[in-house]
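> Have a peek at work02.pdb (PDB, C-alpha atoms and all ligand atoms).
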ATOM      1  CA  MET A  29       9.736   3.613 -20.483
ATOM      2  CA  LYS A  30       8.233   7.032 -19.937
ATOM      3  CA  THR A  31       7.814   8.822 -16.596
ATOM      4  CA  VAL A  32       5.097  11.434 -16.115
ATOM      5  CA  CYS A  33       4.096  13.508 -13.097
ATOM      6  CA  GLN A  34       0.884  15.186 -14.254
ATOM      7  CA  THR A  35      -2.546  13.589 -14.517
ATOM      8  CA  GLU A  36      -3.136  15.009 -18.035
ATOM      9  CA  GLU A  37       0.076  13.359 -19.292
ATOM     10  CA  LEU A  38      -0.978  10.095 -17.681
ATOM     11  CA  ARG A  39      -4.409  10.167 -19.317
ATOM     12  CA  ALA A  40      -2.905  11.051 -22.710
ATOM     13  CA  ALA A  41      -0.323   8.231 -22.634
ATOM     14  CA  VAL A  42      -2.905   5.646 -21.575
ATOM     15  CA  ALA A  43      -5.389   6.874 -24.211
ATOM     16  CA  LYS A  44      -2.749   6.337 -26.895
ATOM     17  CA  ALA A  45      -2.100   2.769 -25.761
ATOM     18  CA  ARG A  46      -5.788   2.039 -25.610
ATOM     19  CA  ALA A  47      -6.330   3.487 -29.094
ATOM     20  CA  ALA A  48      -3.667   1.037 -30.275
ATOM     21  CA  GLY A  49      -5.850  -1.761 -28.866
ATOM     22  CA  MET A  50      -3.705  -2.603 -25.854
ATOM     23  CA  LYS A  51      -4.941  -4.052 -22.587
ATOM     24  CA  VAL A  52      -3.899  -1.791 -19.715
ATOM     25  CA  GLY A  53      -2.581  -3.042 -16.342
ATOM     26  CA  LEU A  54      -2.047  -0.803 -13.297
ATOM     27  CA  VAL A  55       0.220  -1.450 -10.303
ATOM     28  CA  PRO A  56      -0.297   1.186  -7.572
ATOM     29  CA  THR A  57       2.675   1.531  -5.189
ATOM     30  CA  MET A  58       4.442   3.858  -2.795
ATOM     31  CA  GLY A  59       7.857   2.951  -4.258
ATOM     32  CA  ALA A  60      11.014   1.706  -2.453
ATOM     33  CA  PHE A  61      10.668  -1.516  -4.379
ATOM     34  CA  HIS A  62      11.409  -5.014  -3.148
ATOM     35  CA  GLU A  63      10.576  -8.378  -4.698
ATOM     36  CA  GLY A  64       6.962  -8.143  -3.442
ATOM     37  CA  HIS A  65       6.317  -5.082  -5.598
ATOM     38  CA  LEU A  66       8.240  -6.531  -8.522
ATOM     39  CA  SER A  67       6.173  -9.737  -8.463
ATOM     40  CA  LEU A  68       3.075  -7.598  -9.109
ATOM     41  CA  VAL A  69       4.819  -5.777 -11.945
ATOM     42  CA  ARG A  70       5.920  -9.048 -13.569
ATOM     43  CA  GLU A  71       2.377 -10.421 -13.411
ATOM     44  CA  ALA A  72       1.000  -7.200 -14.899
ATOM     45  CA  ARG A  73       3.655  -7.321 -17.635
ATOM     46  CA  GLY A  74       2.627 -10.866 -18.541
ATOM     47  CA  GLU A  75      -1.062 -10.061 -18.777
ATOM     48  CA  ASN A  76      -1.215  -6.638 -20.444
ATOM     49  CA  GLY A  77       0.004  -4.819 -23.548
ATOM     50  CA  PHE A  78       0.572  -1.616 -21.573
ATOM     51  CA  VAL A  79       1.740  -1.518 -17.951
ATOM     52  CA  VAL A  80       1.414   1.555 -15.735
ATOM     53  CA  VAL A  81       3.135   1.663 -12.328
ATOM     54  CA  SER A  82       2.225   4.528 -10.021
ATOM     55  CA  ILE A  83       4.648   5.660  -7.320
ATOM     56  CA  PHE A  84       3.055   7.990  -4.799
ATOM     57  CA  VAL A  85       3.595   8.196  -1.052
ATOM     58  CA  ASN A  86       0.028   9.144  -0.268
ATOM     59  CA  PRO A  87      -0.220  11.563   2.669
ATOM     60  CA  ALA A  88      -3.927  10.772   3.116
ATOM     61  CA  GLN A  89      -3.153   7.248   4.315
ATOM     62  CA  PHE A  90      -0.632   8.293   6.974
ATOM     63  CA  GLY A  91      -1.825   9.286  10.451
ATOM     64  CA  PRO A  92      -0.617  12.385  12.325
ATOM     65  CA  ASP A  93       1.713  10.212  14.467
ATOM     66  CA  GLU A  94       3.142   8.337  11.465
ATOM     67  CA  ASP A  95       6.257   9.918  10.017
ATOM     68  CA  ILE A  96       5.569  10.173   6.283
ATOM     69  CA  GLY A  97       8.788  12.198   5.932
ATOM     70  CA  LYS A  98      10.815   9.124   6.924
ATOM     71  CA  TYR A  99       9.112   6.768   4.465
ATOM     72  CA  PRO A 100      11.854   5.352   2.175
ATOM     73  CA  ARG A 101      11.999   6.908  -1.305
ATOM     74  CA  ASP A 102      14.223   5.963  -4.245
ATOM     75  CA  LEU A 103      12.681   7.069  -7.525
ATOM     76  CA  GLU A 104      15.931   6.562  -9.429
ATOM     77  CA  GLY A 105      16.536   3.003  -8.210
ATOM     78  CA  ASP A 106      12.855   2.160  -8.602
ATOM     79  CA  SER A 107      12.827   3.461 -12.188
ATOM     80  CA  ARG A 108      15.832   1.285 -13.087
ATOM     81  CA  LYS A 109      14.034  -1.807 -11.771
ATOM     82  CA  LEU A 110      10.843  -0.960 -13.677
ATOM     83  CA  GLU A 111      12.772  -0.303 -16.877
ATOM     84  CA  GLU A 112      14.374  -3.763 -16.575
ATOM     85  CA  LEU A 113      10.948  -5.350 -16.222
ATOM     86  CA  GLY A 114       9.700  -3.612 -19.368
ATOM     87  CA  VAL A 115       7.184  -1.259 -17.772
ATOM     88  CA  ASP A 116       5.689   1.232 -20.231
ATOM     89  CA  LEU A 117       4.714   4.147 -18.026
ATOM     90  CA  VAL A 118       5.641   5.361 -14.541
ATOM     91  CA  PHE A 119       3.284   7.833 -12.915
ATOM     92  CA  ALA A 120       5.125   9.657 -10.120
ATOM     93  CA  PRO A 121       2.994  12.650  -9.204
ATOM     94  CA  GLY A 122       3.686  15.235  -6.544
ATOM     95  CA  VAL A 123       1.131  15.796  -3.792
ATOM     96  CA  GLU A 124      -0.356  18.854  -5.580
ATOM     97  CA  ALA A 125      -1.013  16.839  -8.747
ATOM     98  CA  MET A 126      -3.117  14.339  -6.780
ATOM     99  CA  TYR A 127      -4.648  16.754  -4.275
ATOM    100  CA  PRO A 128      -5.005  20.211  -5.831
ATOM    101  CA  PRO A 129      -5.934  22.964  -3.389
ATOM    102  CA  GLY A 130      -9.467  22.461  -2.111
ATOM    103  CA  ALA A 131      -9.629  18.731  -2.900
ATOM    104  CA  GLY A 132     -11.555  17.251   0.017
ATOM    105  CA  THR A 133     -13.835  14.515  -1.342
ATOM    106  CA  LYS A 134     -13.119  11.120   0.210
ATOM    107  CA  VAL A 135     -14.058   7.535  -0.515
ATOM    108  CA  VAL A 136     -15.195   5.875   2.716
ATOM    109  CA  PRO A 137     -15.139   2.056   2.749
ATOM    110  CA  ALA A 138     -17.977   0.124   4.400
ATOM    111  CA  PRO A 139     -17.609   0.430   8.208
ATOM    112  CA  GLY A 140     -17.536  -3.343   8.677
ATOM    113  CA  LEU A 141     -14.357  -3.536   6.616
ATOM    114  CA  ILE A 142     -12.422  -0.895   8.514
ATOM    115  CA  ASN A 143     -13.652  -0.860  12.121
ATOM    116  CA  ARG A 144     -11.279  -3.705  12.969
ATOM    117  CA  MET A 145      -7.684  -4.885  12.600
ATOM    118  CA  CYS A 146      -5.470  -2.197  10.993
ATOM    119  CA  GLY A 147      -8.412   0.215  10.859
ATOM    120  CA  LEU A 148      -8.412   0.489  14.673
ATOM    121  CA  THR A 149      -4.745   1.405  14.988
ATOM    122  CA  ARG A 150      -4.717   3.566  11.870
ATOM    123  CA  PRO A 151      -7.942   5.606  11.848
ATOM    124  CA  GLY A 152      -8.498   7.236   8.457
ATOM    125  CA  HIS A 153      -5.912   5.012   6.763
ATOM    126  CA  PHE A 154      -8.347   3.049   4.610
ATOM    127  CA  GLU A 155     -10.259   6.185   3.570
ATOM    128  CA  GLY A 156      -6.905   7.471   2.336
ATOM    129  CA  VAL A 157      -6.191   4.217   0.505
ATOM    130  CA  ALA A 158      -9.676   3.948  -1.022
ATOM    131  CA  THR A 159      -9.605   7.578  -2.158
ATOM    132  CA  ILE A 160      -6.222   7.385  -3.880
ATOM    133  CA  VAL A 161      -6.982   4.013  -5.467
ATOM    134  CA  ALA A 162     -10.341   5.284  -6.781
ATOM    135  CA  LYS A 163      -8.553   8.306  -8.250
ATOM    136  CA  LEU A 164      -5.959   6.077  -9.934
ATOM    137  CA  PHE A 165      -8.711   3.816 -11.276
ATOM    138  CA  ASN A 166     -10.453   6.868 -12.763
ATOM    139  CA  LEU A 167      -7.251   8.276 -14.247
ATOM    140  CA  VAL A 168      -5.964   5.036 -15.804
ATOM    141  CA  GLU A 169      -9.208   3.069 -16.306
ATOM    142  CA  PRO A 170      -7.144  -0.131 -16.284
ATOM    143  CA  ASP A 171      -8.426  -3.521 -17.398
ATOM    144  CA  ALA A 172      -6.719  -5.029 -14.372
ATOM    145  CA  ALA A 173      -5.083  -3.667 -11.215
ATOM    146  CA  TYR A 174      -2.549  -5.602  -9.138
ATOM    147  CA  PHE A 175      -2.261  -5.707  -5.350
ATOM    148  CA  GLY A 176      -0.455  -7.867  -2.787
ATOM    149  CA  GLN A 177      -2.055 -10.242  -0.299
ATOM    150  CA  LYS A 178       0.500  -8.889   2.203
ATOM    151  CA  ASP A 179      -1.874  -5.958   2.840
ATOM    152  CA  TYR A 180      -4.880  -8.225   3.215
ATOM    153  CA  GLN A 181      -7.397  -5.778   4.685
ATOM    154  CA  GLN A 182      -6.444  -3.297   1.958
ATOM    155  CA  SER A 183      -7.078  -5.919  -0.718
ATOM    156  CA  VAL A 184     -10.557  -6.583   0.691
ATOM    157  CA  VAL A 185     -11.304  -2.844   0.860
ATOM    158  CA  ILE A 186     -10.239  -2.479  -2.787
ATOM    159  CA  ARG A 187     -12.228  -5.475  -4.027
ATOM    160  CA  HIS A 188     -15.317  -3.999  -2.360
ATOM    161  CA  LEU A 189     -14.498  -0.508  -3.661
ATOM    162  CA  ALA A 190     -14.339  -1.786  -7.248
ATOM    163  CA  ARG A 191     -17.576  -3.700  -6.864
ATOM    164  CA  ASP A 192     -19.539  -1.076  -4.908
ATOM    165  CA  LEU A 193     -18.536   1.839  -7.166
ATOM    166  CA  ASP A 194     -18.846  -0.146 -10.443
ATOM    167  CA  PHE A 195     -15.248   0.113 -11.602
ATOM    168  CA  ASP A 196     -15.073  -2.045 -14.701
ATOM    169  CA  LEU A 197     -11.777  -3.795 -13.990
ATOM    170  CA  GLU A 198     -10.328  -6.920 -12.520
ATOM    171  CA  VAL A 199      -8.736  -6.656  -9.070
ATOM    172  CA  ARG A 200      -5.874  -9.144  -8.919
ATOM    173  CA  VAL A 201      -4.433 -10.062  -5.513
ATOM    174  CA  LEU A 202      -1.102 -11.894  -5.610
ATOM    175  CA  PRO A 203       0.643 -13.978  -2.920
ATOM    176  CA  THR A 204       2.924 -12.443  -0.301
ATOM    177  CA  VAL A 205       6.604 -12.594  -1.199
ATOM    178  CA  ARG A 206       8.755 -13.515   1.822
ATOM    179  CA  GLU A 207      12.380 -13.479   2.874
ATOM    180  CA  ASP A 208      14.003 -16.913   3.271
ATOM    181  CA  ASP A 209      13.145 -16.973   6.990
ATOM    182  CA  GLY A 210       9.466 -16.230   6.377
ATOM    183  CA  LEU A 211       9.378 -12.488   7.088
ATOM    184  CA  ALA A 212       7.021 -10.804   4.639
ATOM    185  CA  MET A 213       8.913  -8.337   2.477
ATOM    186  CA  SER A 214       8.030  -4.760   3.345
ATOM    187  CA  SER A 215       9.540  -1.343   2.755
ATOM    188  CA  ARG A 216       9.277  -0.908   6.532
ATOM    189  CA  ASN A 217      11.698  -3.806   7.189
ATOM    190  CA  ALA A 218      14.447  -1.274   6.401
ATOM    191  CA  TYR A 219      13.657   0.444   9.730
ATOM    192  CA  LEU A 220      14.569  -2.662  11.779
ATOM    193  CA  SER A 221      17.826  -2.936  13.750
ATOM    194  CA  GLY A 222      19.781  -6.215  13.478
ATOM    195  CA  ASP A 223      18.203  -7.603  16.666
ATOM    196  CA  GLU A 224      14.722  -6.507  15.626
ATOM    197  CA  ARG A 225      15.177  -8.084  12.202
ATOM    198  CA  ARG A 226      15.974 -11.443  13.847
ATOM    199  CA  GLU A 227      12.904 -11.282  16.106
ATOM    200  CA  ALA A 228      10.625 -10.028  13.314
ATOM    201  CA  THR A 229       9.951 -13.555  12.063
ATOM    202  CA  ALA A 230       7.788 -14.017  15.194
ATOM    203  CA  LEU A 231       4.746 -12.627  13.385
ATOM    204  CA  PHE A 232       4.806 -15.156  10.562
ATOM    205  CA  ARG A 233       5.624 -17.923  13.045
ATOM    206  CA  ALA A 234       2.640 -16.847  15.166
ATOM    207  CA  LEU A 235       0.283 -16.924  12.175
ATOM    208  CA  THR A 236       1.635 -20.331  11.163
ATOM    209  CA  ALA A 237       1.080 -21.594  14.731
ATOM    210  CA  GLY A 238      -2.511 -20.307  14.555
ATOM    211  CA  GLY A 239      -2.953 -22.177  11.279
ATOM    212  CA  ALA A 240      -1.596 -25.349  12.866
ATOM    213  CA  VAL A 241      -4.072 -25.314  15.760
ATOM    214  CA  ILE A 242      -6.930 -24.811  13.275
ATOM    215  CA  GLU A 243      -5.644 -27.798  11.269
ATOM    216  CA  ARG A 244      -5.725 -29.824  14.481
ATOM    217  CA  GLY A 245      -9.424 -29.016  14.836
ATOM    218  CA  GLU A 246      -9.528 -25.893  17.030
ATOM    219  CA  ARG A 247     -12.440 -23.590  16.120
ATOM    220  CA  GLU A 248     -12.587 -21.208  19.128
ATOM    221  CA  ALA A 249     -11.161 -17.879  17.995
ATOM    222  CA  SER A 250      -9.934 -17.026  21.514
ATOM    223  CA  ARG A 251      -7.797 -20.175  21.641
ATOM    224  CA  ILE A 252      -6.444 -19.542  18.163
ATOM    225  CA  ARG A 253      -5.544 -15.966  19.149
ATOM    226  CA  ALA A 254      -3.880 -17.310  22.311
ATOM    227  CA  ALA A 255      -1.767 -19.773  20.305
ATOM    228  CA  MET A 256      -0.576 -16.904  18.113
ATOM    229  CA  GLN A 257       0.037 -14.615  21.091
ATOM    230  CA  GLU A 258       2.180 -17.260  22.781
ATOM    231  CA  VAL A 259       4.652 -17.149  19.885
ATOM    232  CA  ILE A 260       4.814 -13.343  19.992
ATOM    233  CA  GLU A 261       5.481 -13.436  23.738
ATOM    234  CA  SER A 262       8.367 -15.863  23.223
ATOM    235  CA  ALA A 263      10.092 -13.271  21.020
ATOM    236  CA  LYS A 264      12.136 -10.407  22.512
ATOM    237  CA  GLY A 265      10.952  -6.847  21.985
ATOM    238  CA  VAL A 266       7.898  -7.725  19.897
ATOM    239  CA  GLN A 267       4.542  -6.251  20.972
ATOM    240  CA  THR A 268       1.203  -7.334  19.601
ATOM    241  CA  ASP A 269      -1.015  -4.710  18.025
ATOM    242  CA  TYR A 270      -3.631  -7.282  17.045
ATOM    243  CA  LEU A 271      -3.905 -10.949  16.117
ATOM    244  CA  GLU A 272      -7.203 -11.994  14.559
ATOM    245  CA  ALA A 273      -8.975 -14.809  12.777
ATOM    246  CA  ALA A 274     -11.512 -13.257  10.375
ATOM    247  CA  ASP A 275     -13.731 -14.288   7.499
ATOM    248  CA  ALA A 276     -11.507 -13.912   4.426
ATOM    249  CA  GLU A 277     -14.273 -12.318   2.300
ATOM    250  CA  THR A 278     -15.992  -9.986   4.743
ATOM    251  CA  LEU A 279     -13.391  -9.681   7.561
ATOM    252  CA  GLU A 280     -16.186 -10.572   9.986
ATOM    253  CA  ILE A 281     -14.779 -11.835  13.290
ATOM    254  CA  ARG A 282     -16.649 -14.796  14.783
ATOM    255  CA  GLU A 283     -15.931 -16.258  18.178
ATOM    256  CA  ARG A 284     -16.352 -19.727  16.716
ATOM    257  CA  LEU A 285     -14.960 -20.301  13.224
ATOM    258  CA  ILE A 286     -17.241 -21.821  10.609
ATOM    259  CA  PRO A 287     -16.323 -23.721   7.432
ATOM    260  CA  GLY A 288     -14.908 -21.533   4.695
ATOM    261  CA  ARG A 289     -11.828 -19.405   4.155
ATOM    262  CA  VAL A 290     -10.354 -17.601   7.148
ATOM    263  CA  VAL A 291      -7.587 -15.017   7.215
ATOM    264  CA  LEU A 292      -5.230 -15.093  10.181
ATOM    265  CA  ALA A 293      -3.916 -11.554  10.286
ATOM    266  CA  GLY A 294      -1.709  -9.669  12.675
ATOM    267  CA  ALA A 295       0.265  -6.548  13.329
ATOM    268  CA  VAL A 296       3.185  -6.188  15.734
ATOM    269  CA  PHE A 297       5.462  -3.419  16.885
ATOM    270  CA  LEU A 298       9.243  -3.751  17.078
ATOM    271  CA  GLY A 299      10.244  -0.485  18.660
ATOM    272  CA  LYS A 300       8.445   2.110  16.579
ATOM    273  CA  THR A 301       8.210  -0.088  13.501
ATOM    274  CA  ARG A 302       4.825  -1.678  12.848
ATOM    275  CA  LEU A 303       4.778  -4.820  10.713
ATOM    276  CA  ILE A 304       1.751  -6.665   9.329
ATOM    277  CA  ASP A 305       1.268 -10.113   7.853
ATOM    278  CA  ASN A 306      -1.435 -12.707   7.222
ATOM    279  CA  ILE A 307      -2.066 -16.228   6.007
ATOM    280  CA  LEU A 308      -5.189 -17.876   4.592
ATOM    281  CA  VAL A 309      -6.600 -21.091   6.032
ATOM    282  CA  ASP A 310      -9.442 -23.151   4.578
ATOM    283  CA  ILE A 311     -11.765 -24.695   7.147
ATOM    284  CA  PRO A 312     -13.473 -27.814   5.796
ATOM    285  CA  GLU A 313     -17.204 -28.628   6.294
TER     286      GLU A 313
HETATM  287  P1  LIG A 401       3.184  -0.307  -0.999
HETATM  288  O1  LIG A 401       4.232   0.331  -1.845
HETATM  289  O2  LIG A 401       3.667  -0.760   0.332
HETATM  290  O3  LIG A 401       1.910   0.497  -0.954
HETATM  291  O4  LIG A 401       2.797  -1.637  -1.766
HETATM  292  C1  LIG A 401       2.367  -1.625  -3.101
HETATM  293  C2  LIG A 401       1.743  -2.954  -3.428
HETATM  294  O5  LIG A 401       2.698  -3.987  -3.221
HETATM  295  C3  LIG A 401       0.544  -3.277  -2.532
HETATM  296  O6  LIG A 401      -0.492  -3.861  -3.316
HETATM  297  C4  LIG A 401       1.118  -4.245  -1.547
HETATM  298  O7  LIG A 401       0.154  -5.149  -1.035
HETATM  299  C5  LIG A 401       2.115  -4.988  -2.418
HETATM  300  N1  LIG A 401       3.128  -5.652  -1.596
HETATM  301  C6  LIG A 401       3.854  -5.098  -0.588
HETATM  302  N2  LIG A 401       4.637  -6.021  -0.008
HETATM  303  C7  LIG A 401       4.398  -7.194  -0.649
HETATM  304  C8  LIG A 401       4.899  -8.521  -0.508
HETATM  305  N3  LIG A 401       5.816  -8.845   0.405
HETATM  306  N4  LIG A 401       4.428  -9.468  -1.352
HETATM  307  C9  LIG A 401       3.505  -9.164  -2.295
HETATM  308  N5  LIG A 401       2.995  -7.931  -2.478
HETATM  309  C10 LIG A 401       3.434  -6.957  -1.665
END
Just give me the structure as C-alpha cells.
Ligand code: AMP


Amino acid sequence: MKTVCQTEELRAAVAKARAAGMKVGLVPTMGAFHEGHLSLVREARGENGFVVVSIFVNPAQFGPDEDIGKYPRDLEGDSRKLEELGVDLVFAPGVEAMYPPGAGTKVVPAPGLINRMCGLTRPGHFEGVATIVAKLFNLVEPDAAYFGQKDYQQSVVIRHLARDLDFDLEVRVLPTVREDDGLAMSSRNAYLSGDERREATALFRALTAGGAVIERGEREASRIRAAMQEVIESAKGVQTDYLEAADAETLEIRERLIPGRVVLAGAVFLGKTRLIDNILVDIPE
C-alpha cells in the first residue's frame, strides 16, 4: 500500500494502474475509521483491481460554528486498517494540496436537494461536499465510487452531481452499518458521554417507529413526523434538529405520501453532538 499527499502523485499512481488494465474504485472519507467506512472499502476491494481511499477532513464542508479542529484524526491507525484490507493507494492530502491559494470555484448542488434537512442546519455544507467529491472524481477518474447510505442526503447530492456533470462512473451507495443496539456508526459517536451514548439510540428508534406507522397505513407526513418526535421526546437530553419523510430519489417533501420509496431521515442533538440517520420505506400502490 502506498500513501501519497500530492495530486500529481495520485494521478501518476492511478494512471499506472489504469495502463495495466485495472478497474479503479474510489472511497472518499474523512478518516477515523469504523466498520461503516471499512464496509465501503471491502466492497470496493471486491469489485476493483485498484482501490484508492482518500482521507481528507474537508474544511469547505464545515460551518463557522462547527469545530473542525476537534474532528477525530488517526492517520496511523487508519492506514493499518486499510493495509489489512488490501487497499492499493491512500490519498491523504493537506488543505493546500486540495485548495491552493486562490482556489474559489465551487460546485453548487440543485437547490431542491439542499434547501431542506441537513442543508438547513448546515448552510454551505453540501457545496463543500459536492466540490471536494467533484475534485476527487476528476483526480482519480474512478470506474466506481463508494458512499454510505448513512449520509443519505449526501448520497443523493452525489448521484445527481455525477449525472448532471457527466462523470462517467458508477456511484455505489451501501447500507448503514450499525452498533448492536441500532445506533448508526459515526466518527461523531466518539464525542458522546456514557449517558448520551445510551440515549443516542432514540434516533434510530424514532425512524423505526415512523416506518411502523407507515406500514400500518398512515400516509400523512405530519402524523408520521409526530410518531417519530414522540420517541425523541421520551429520551433524555435528545433534541430534534429535523425529522422528515421525503421522496427517496428527489428528497421532495409531500404532506401526503404517495406510492414509491420514501426516506425517513432525521438529525438530533445530544449536547453539542449532532447525529444523523435514516431508513428507507417502500410504499405500495
Ligand atoms: P465520512 O468519513 O464521515 O465522510 O464518511 C465517509 C463515507 O463513509 C461516507 O460515504 C459515509 O456515508 C460512509 N459512512 C459513514 N458512516 C457509515 C455507516 N455507519 N455505515 C455505512 N457507511 C458509512

> Go through A:Ala276, A:Ile142, A:Ile307, A:Ala263 and flag the residue nearest ligand LIG 401 (chain A), using all atoms listed in the file for the distances.

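Result for the nearest residue to ligand LIG 401 (chain A): A:Ile307.
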
> What residues of the protein or nucleic acid chains come within 6 Å of ligand LIG 401 (chain A) when you use all atoms listed in the file? Reply as a list in words.

Pro56, Thr57, Met58, Gly59, Gly64, His65, Phe175, Gly176, Gln177, Lys178, Asp179, Pro203, Thr204, Val205, Arg206, Ala212, Met213 and Ser214 of chain A

> Please write as an NGL selection string the full residue list that the PyMOL selection byres (((chain A and resi 306) around 8) and not hetatm) yields on this file.

:A and (177-178 or 180 or 232 or 235 or 291-294 or 304-305 or 307-308)

> Which neighbours of Arg226 (chain A) fall inside 12 Å, counting only C-alpha atoms, when residues of the same chain fewer than 4 positions from it are skipped, and could you give them as a ChimeraX atom specification?

/A:207,209-211,217,220-222,230-231,263-266,298

> Using all atoms listed in the file, pick whichever of A:Ser250, A:Thr35, A:Gln267, A:Thr278 has the shortest atom-to-atom distance to Val290 (chain A).

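Under the stated criterion, the closest residue is A:Thr278.
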
> Any chance you could resolve the PyMOL selection byres (((chain A and resi 289) around 9) and not hetatm) against this file and give the residues as a short mmCIF file (atom, residue, chain, number, x, y, z; two decimals) with C-alpha atoms, in the frame of the given file?


data_model
loop_
_atom_site.label_atom_id
_atom_site.label_comp_id
_atom_site.auth_asym_id
_atom_site.auth_seq_id
_atom_site.Cartn_x
_atom_site.Cartn_y
_atom_site.Cartn_z
CA ALA A 274 -11.51 -13.26 10.38
CA ASP A 275 -13.73 -14.29 7.50
CA ALA A 276 -11.51 -13.91 4.43
CA GLU A 277 -14.27 -12.32 2.30
CA ILE A 286 -17.24 -21.82 10.61
CA PRO A 287 -16.32 -23.72 7.43
CA GLY A 288 -14.91 -21.53 4.70
CA VAL A 290 -10.35 -17.60 7.15
CA VAL A 291 -7.59 -15.02 7.22
CA LEU A 308 -5.19 -17.88 4.59
CA VAL A 309 -6.60 -21.09 6.03
CA ASP A 310 -9.44 -23.15 4.58
CA ILE A 311 -11.76 -24.70 7.15
CA PRO A 312 -13.47 -27.81 5.80
#

> Could you name the residues that touch Ala172 (chain A) at 9 Å or less, counting all atoms listed in the file, but leaving out those on the same chain fewer than 2 positions away, as a PyMOL selection string?

chain A and resi 51-55+72+75-76+169-170+174+196-200

> Apply the PyMOL selection byres (((chain A and resi 252) around 9) and not hetatm) to the structure shown and report the selected residues as a list of chain:residue names.

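The output of the PyMOL selection byres (((chain A and resi 252) around 9) and not hetatm) on this file is A:Ala237, A:Gly238, A:Gly239, A:Val241, A:Ile242, A:Glu246, A:Arg247, A:Glu248, A:Ala249, A:Ser250, A:Arg251, A:Arg253, A:Ala254, A:Ala255, A:Met256, A:Gln257, A:Glu272, A:Ala273.
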